[in-house]
Amino acid sequence: MTITARDRGLARCEACAKLSRLPLKNTQETRHCPRCNSALSYRRPLSLQFSWAYTLAATVLLIPANFLPILTVVSFGQGDPDTIMSGVVKLWESELQLVAAVVFIASIAVPVAKLVIIVILMLVVQVRLPLSKQQCTILYRFIHFIGRWSMLDLFMISILVTLVHMGNIANVESGPAATAFAAVVVLTLFAANSFDPRLLWDLDHD
Amino acid sequence: MPVAAQRFVLPYNSVMTTASPIPKDLTACPDCDLLLHTDDATHDRQGHCPRCDALLWDVSNHARDIDFAAAISGLLLFVPAVTLPILHFSMAGQHGSNSLIDGVWRLWQESEQLLAVLILLCSVVAPLVHMLLAATIGLCQRLQRYPNLYPRWLKWHNWMRSWSMLEVYAMGIIVAYVKMMHDGDVAVAPGTYCLSALLLCIILCNQYFSEEQAWQCWEQRTNA
Ligand SMILES: [Zn+2]
Ligand SMILES: [Zn+2]
């Protein structure tokens, strides 16, 4: 028999982790944490609504991020704009397989995997997909762990654009996909942060 | 005779021993909301949730001053790490170099303002404010003076910590280095060493900083 904090009328503060009493019935006034004065609630308010909104926005932006050019290397007056994928292919062809793999994982695999996993987690909560809670929690921790690594490509753009800035001889310019990709990364981080993993475990209790 | 001496030493030790990284009496798992007693847990180094295996606390109090020392060292290293060149690149007689702050400035000039702001936040502002607040919070605990802004600092500290992504930036440097090796001469510049040292400080500071302990210090403050 497992007892949750909510069963005992205790809410865990999101900011400082302190447990405090909170009336189970929804009262109009907001209670505040006695330790840090943050607003208290049993579960993150509107967790699924926010997660869905961020996830959908990120999915839409994934299209310009992948099909518009992200980086243009101009050397002695010539050079083609590269999308994320064509950049990976070029790296692979120039015998830099390891780097190509790193960029592919950080820029394509991680954002897509994150979105897929968040959608799965939300579906588990909403339509009760039959997945074990342990596995879902592992997936949840996984997307939190890998999320920040998608910034790799953006940092690389910032490094290359500054490093290779030599007028006519060689120049690296960023493309419109860079901003779209940055938005995807930020939105997936928000989506993962708004999802409340306790909703998964609550399914056992209802 | 020893009474006076004891009273002189006591405050520092007493607060340091009563504020612990383990929550008092009861806690709830952040991931599954399981209610747990923490009374008999003082001997375990780490606390895990029995239901979902979430890490609930990590007692590393043998190295109590490491987070403070790391924050101070990180602040000292910050200016060189951000302004010194990280990589040198030369090709057909032309030379280029980059630093953290140049990278942001260059993107801003190329009218990628949104991207520039995001990179400024993740690679410069968040690491700086994170270290600053970690040092300030450490100082408050050592002086036992807790200003009214202390809870806000602690919340900002957590927020900045989650947006500080210098370890990803370091990976970006490695990838950029390998990528440019084919096109010209790339060399590691002094900024890389400062940045590596700063990164080490940030990791140590993250490892040894206990949020729960910092909050308990605030709860037990005497000069409220
Ligand atoms: Zn609180
Ligand atoms: Zn748990």
# chains A, B, ... in the order shown; residues from 1 in each chain; ligands from 1

$ select_by_dssp --residues "range 16-172 of chain B" --states "strand (DSSP E)" --output "list in words"
Leu26, Thr27, Ala28, Leu35, Leu36, His37, Gln46, Gly47, His48, Leu55, Leu56, Trp57, Asp58, Leu87, His88, Phe89, Ser90, Met91, Gln94, His95, Gly96, Ser97 and Asn98 of chain B

$ interface_residues --of "chain A" --to "chain B" --cutoff "8 Å" --atoms "only C-alpha atoms" --output "PyMOL selection string"
chain A and resi 2-6+12+15-19+35-36+91+96+99+134+137+148-149+151-156+158-166+169+178-179+182+196-202

$ atom_distance --atom1 "CA of Val124 in chain B" --atom2 "CA of Ala183 in chain A"
19.0 Å

$ atom_distance --atom1 "CA of Ala180 in chain A" --atom2 "CA of Ala65 in chain A"
5.0 Å

$ atom_distance --atom1 "CA of Tyr140 in chain A" --atom2 "CA of Gly9 in chain A"
25.7 Å

$ select_by_dssp --residues "range 22-87 of chain B" --states "helix (DSSP H, G or I)" --output "tab-separated table (two decimals) with all heavy atoms, in the first residue's frame"
chain	number	residue	atom	x	y	z
B	39	ASP	N	13.48	10.13	8.93
B	39	ASP	CA	14.13	10.11	10.24
B	39	ASP	C	15.29	9.12	10.32
B	39	ASP	O	16.36	9.43	10.82
B	39	ASP	CB	13.12	9.72	11.33
B	39	ASP	CG	11.88	10.57	11.24
B	39	ASP	OD1	12.02	11.70	10.75
B	39	ASP	OD2	10.80	10.11	11.63
B	40	ASP	N	15.04	7.92	9.81
B	40	ASP	CA	16.05	6.87	9.98
B	40	ASP	C	17.02	6.84	8.80
B	40	ASP	O	17.73	5.87	8.59
B	40	ASP	CB	15.37	5.51	10.14
B	40	ASP	CG	14.30	5.31	9.08
B	40	ASP	OD1	14.05	6.25	8.32
B	40	ASP	OD2	13.73	4.20	9.01
B	41	ALA	N	17.01	7.89	7.99
B	41	ALA	CA	17.80	7.84	6.76
B	41	ALA	C	19.13	8.54	6.88
B	41	ALA	O	19.88	8.63	5.93
B	41	ALA	CB	17.00	8.46	5.62
B	61	ASN	N	28.54	15.78	2.77
B	61	ASN	CA	28.96	16.86	3.67
B	61	ASN	C	30.40	16.75	4.14
B	61	ASN	O	30.85	17.59	4.89
B	61	ASN	CB	28.01	17.01	4.86
B	61	ASN	CG	27.57	15.68	5.40
B	61	ASN	OD1	27.99	14.64	4.90
B	61	ASN	ND2	26.74	15.71	6.41
B	62	HIS	N	31.13	15.74	3.70
B	62	HIS	CA	32.55	15.71	4.04
B	62	HIS	C	33.27	16.82	3.30
B	62	HIS	O	34.29	17.30	3.73
B	62	HIS	CB	33.16	14.36	3.64
B	62	HIS	CG	32.48	13.23	4.32
B	62	HIS	ND1	32.53	13.06	5.67
B	62	HIS	CD2	31.72	12.24	3.83
B	62	HIS	CE1	31.82	11.99	5.99
B	62	HIS	NE2	31.31	11.48	4.89
B	63	ALA	N	32.70	17.21	2.19
B	63	ALA	CA	33.34	18.23	1.36
B	63	ALA	C	32.48	19.48	1.37
B	63	ALA	O	32.08	19.98	0.35
B	63	ALA	CB	33.50	17.70	-0.05
B	66	ILE	N	33.48	22.78	-0.64
B	66	ILE	CA	33.87	22.70	-2.04
B	66	ILE	C	33.00	23.57	-2.92
B	66	ILE	O	33.49	24.27	-3.80
B	66	ILE	CB	33.86	21.22	-2.52
B	66	ILE	CG1	35.03	20.48	-1.89
B	66	ILE	CG2	33.98	21.15	-4.04
B	66	ILE	CD1	35.24	19.10	-2.40
B	67	ASP	N	31.68	23.56	-2.69
B	67	ASP	CA	30.81	24.37	-3.57
B	67	ASP	C	31.15	25.84	-3.48
B	67	ASP	O	31.21	26.54	-4.49
B	67	ASP	CB	29.33	24.12	-3.24
B	67	ASP	CG	28.99	24.46	-1.80
B	67	ASP	OD1	29.89	24.37	-0.94
B	67	ASP	OD2	27.83	24.83	-1.54
B	68	PHE	N	31.46	26.31	-2.25
B	68	PHE	CA	31.79	27.73	-2.06
B	68	PHE	C	33.12	28.05	-2.74
B	68	PHE	O	33.22	29.03	-3.50
B	68	PHE	CB	31.87	28.01	-0.55
B	68	PHE	CG	32.02	29.45	-0.19
B	68	PHE	CD1	31.10	30.38	-0.65
B	68	PHE	CD2	33.07	29.88	0.60
B	68	PHE	CE1	31.23	31.72	-0.31
B	68	PHE	CE2	33.22	31.21	0.94
B	68	PHE	CZ	32.30	32.14	0.48
B	69	ALA	N	34.11	27.21	-2.52
B	69	ALA	CA	35.42	27.43	-3.13
B	69	ALA	C	35.31	27.39	-4.66
B	69	ALA	O	35.90	28.22	-5.36
B	69	ALA	CB	36.40	26.36	-2.65
B	70	ALA	N	34.51	26.45	-5.17
B	70	ALA	CA	34.36	26.33	-6.62
B	70	ALA	C	33.67	27.56	-7.19
B	70	ALA	O	34.04	28.03	-8.27
B	70	ALA	CB	33.58	25.07	-6.97
B	71	ALA	N	32.69	28.09	-6.47
B	71	ALA	CA	31.99	29.28	-6.96
B	71	ALA	C	32.94	30.47	-7.04
B	71	ALA	O	32.95	31.21	-8.02
B	71	ALA	CB	30.79	29.60	-6.07
B	72	ILE	N	33.77	30.64	-6.00
B	72	ILE	CA	34.71	31.77	-5.99
B	72	ILE	C	35.73	31.60	-7.13
B	72	ILE	O	36.00	32.53	-7.89
B	72	ILE	CB	35.45	31.84	-4.64
B	72	ILE	CG1	34.45	31.94	-3.50
B	72	ILE	CG2	36.46	32.98	-4.63
B	72	ILE	CD1	34.10	33.29	-3.03
B	73	SER	N	36.28	30.39	-7.28
B	73	SER	CA	37.26	30.17	-8.36
B	73	SER	C	36.61	30.39	-9.71
B	73	SER	O	37.23	30.95	-10.61
B	73	SER	CB	37.83	28.75	-8.31
B	73	SER	OG	37.90	28.28	-7.00
B	74	GLY	N	35.36	29.93	-9.84
B	74	GLY	CA	34.66	30.11	-11.10
B	74	GLY	C	34.51	31.58	-11.44
B	74	GLY	O	34.70	31.99	-12.59
B	75	LEU	N	34.22	32.40	-10.43
B	75	LEU	CA	34.06	33.85	-10.68
B	75	LEU	C	35.39	34.46	-11.12
B	75	LEU	O	35.42	35.31	-12.01
B	75	LEU	CB	33.55	34.54	-9.41
B	75	LEU	CG	32.08	34.32	-9.12
B	75	LEU	CD1	31.70	34.94	-7.79
B	75	LEU	CD2	31.22	34.91	-10.23
B	76	LEU	N	36.49	34.01	-10.49
B	76	LEU	CA	37.80	34.55	-10.87
B	76	LEU	C	38.14	34.19	-12.31
B	76	LEU	O	38.73	34.97	-13.04
B	76	LEU	CB	38.89	34.02	-9.93
B	76	LEU	CG	38.79	34.49	-8.49
B	76	LEU	CD1	39.83	33.79	-7.63
B	76	LEU	CD2	38.97	36.00	-8.42
B	77	LEU	N	37.74	32.97	-12.71
B	77	LEU	CA	38.08	32.50	-14.05
B	77	LEU	C	37.14	33.05	-15.11
B	77	LEU	O	37.39	32.93	-16.30
B	77	LEU	CB	37.99	30.97	-14.09
B	77	LEU	CG	39.15	30.21	-13.48
B	77	LEU	CD1	38.73	28.78	-13.22
B	77	LEU	CD2	40.33	30.25	-14.42
B	78	PHE	N	36.04	33.65	-14.67
B	78	PHE	CA	34.98	33.95	-15.61
B	78	PHE	C	35.38	34.94	-16.70
B	78	PHE	O	35.19	34.67	-17.89
B	78	PHE	CB	33.74	34.47	-14.87
B	78	PHE	CG	32.54	34.55	-15.74
B	78	PHE	CD1	31.83	33.40	-16.02
B	78	PHE	CD2	32.18	35.74	-16.33
B	78	PHE	CE1	30.74	33.45	-16.87
B	78	PHE	CE2	31.09	35.79	-17.18
B	78	PHE	CZ	30.38	34.65	-17.44
B	79	VAL	N	35.97	36.07	-16.31
B	79	VAL	CA	36.30	37.09	-17.30
B	79	VAL	C	37.28	36.57	-18.36
B	79	VAL	O	37.01	36.68	-19.55
B	79	VAL	CB	36.80	38.38	-16.62
B	79	VAL	CG1	37.29	39.38	-17.65
B	79	VAL	CG2	35.66	39.00	-15.81
B	80	PRO	N	38.42	35.96	-17.96
B	80	PRO	CA	39.28	35.40	-19.02
B	80	PRO	C	38.58	34.33	-19.86
B	80	PRO	O	38.76	34.29	-21.07
B	80	PRO	CB	40.47	34.81	-18.26
B	80	PRO	CG	40.10	34.81	-16.83
B	80	PRO	CD	39.07	35.85	-16.64
B	81	ALA	N	37.76	33.49	-19.24
B	81	ALA	CA	37.12	32.41	-20.00
B	81	ALA	C	36.17	32.96	-21.05
B	81	ALA	O	36.00	32.37	-22.11
B	81	ALA	CB	36.37	31.47	-19.06
B	82	VAL	N	35.57	34.09	-20.76
B	82	VAL	CA	34.57	34.63	-21.68
B	82	VAL	C	35.20	35.53	-22.74
B	82	VAL	O	34.73	35.60	-23.87
B	82	VAL	CB	33.48	35.38	-20.88
B	82	VAL	CG1	32.63	36.24	-21.77
B	82	VAL	CG2	32.60	34.38	-20.16
B	83	THR	N	36.30	36.21	-22.39
B	83	THR	CA	36.84	37.19	-23.34
B	83	THR	C	38.05	36.70	-24.12
B	83	THR	O	38.31	37.20	-25.21
B	83	THR	CB	37.22	38.49	-22.60
B	83	THR	OG1	38.07	38.13	-21.51
B	83	THR	CG2	35.99	39.20	-22.07
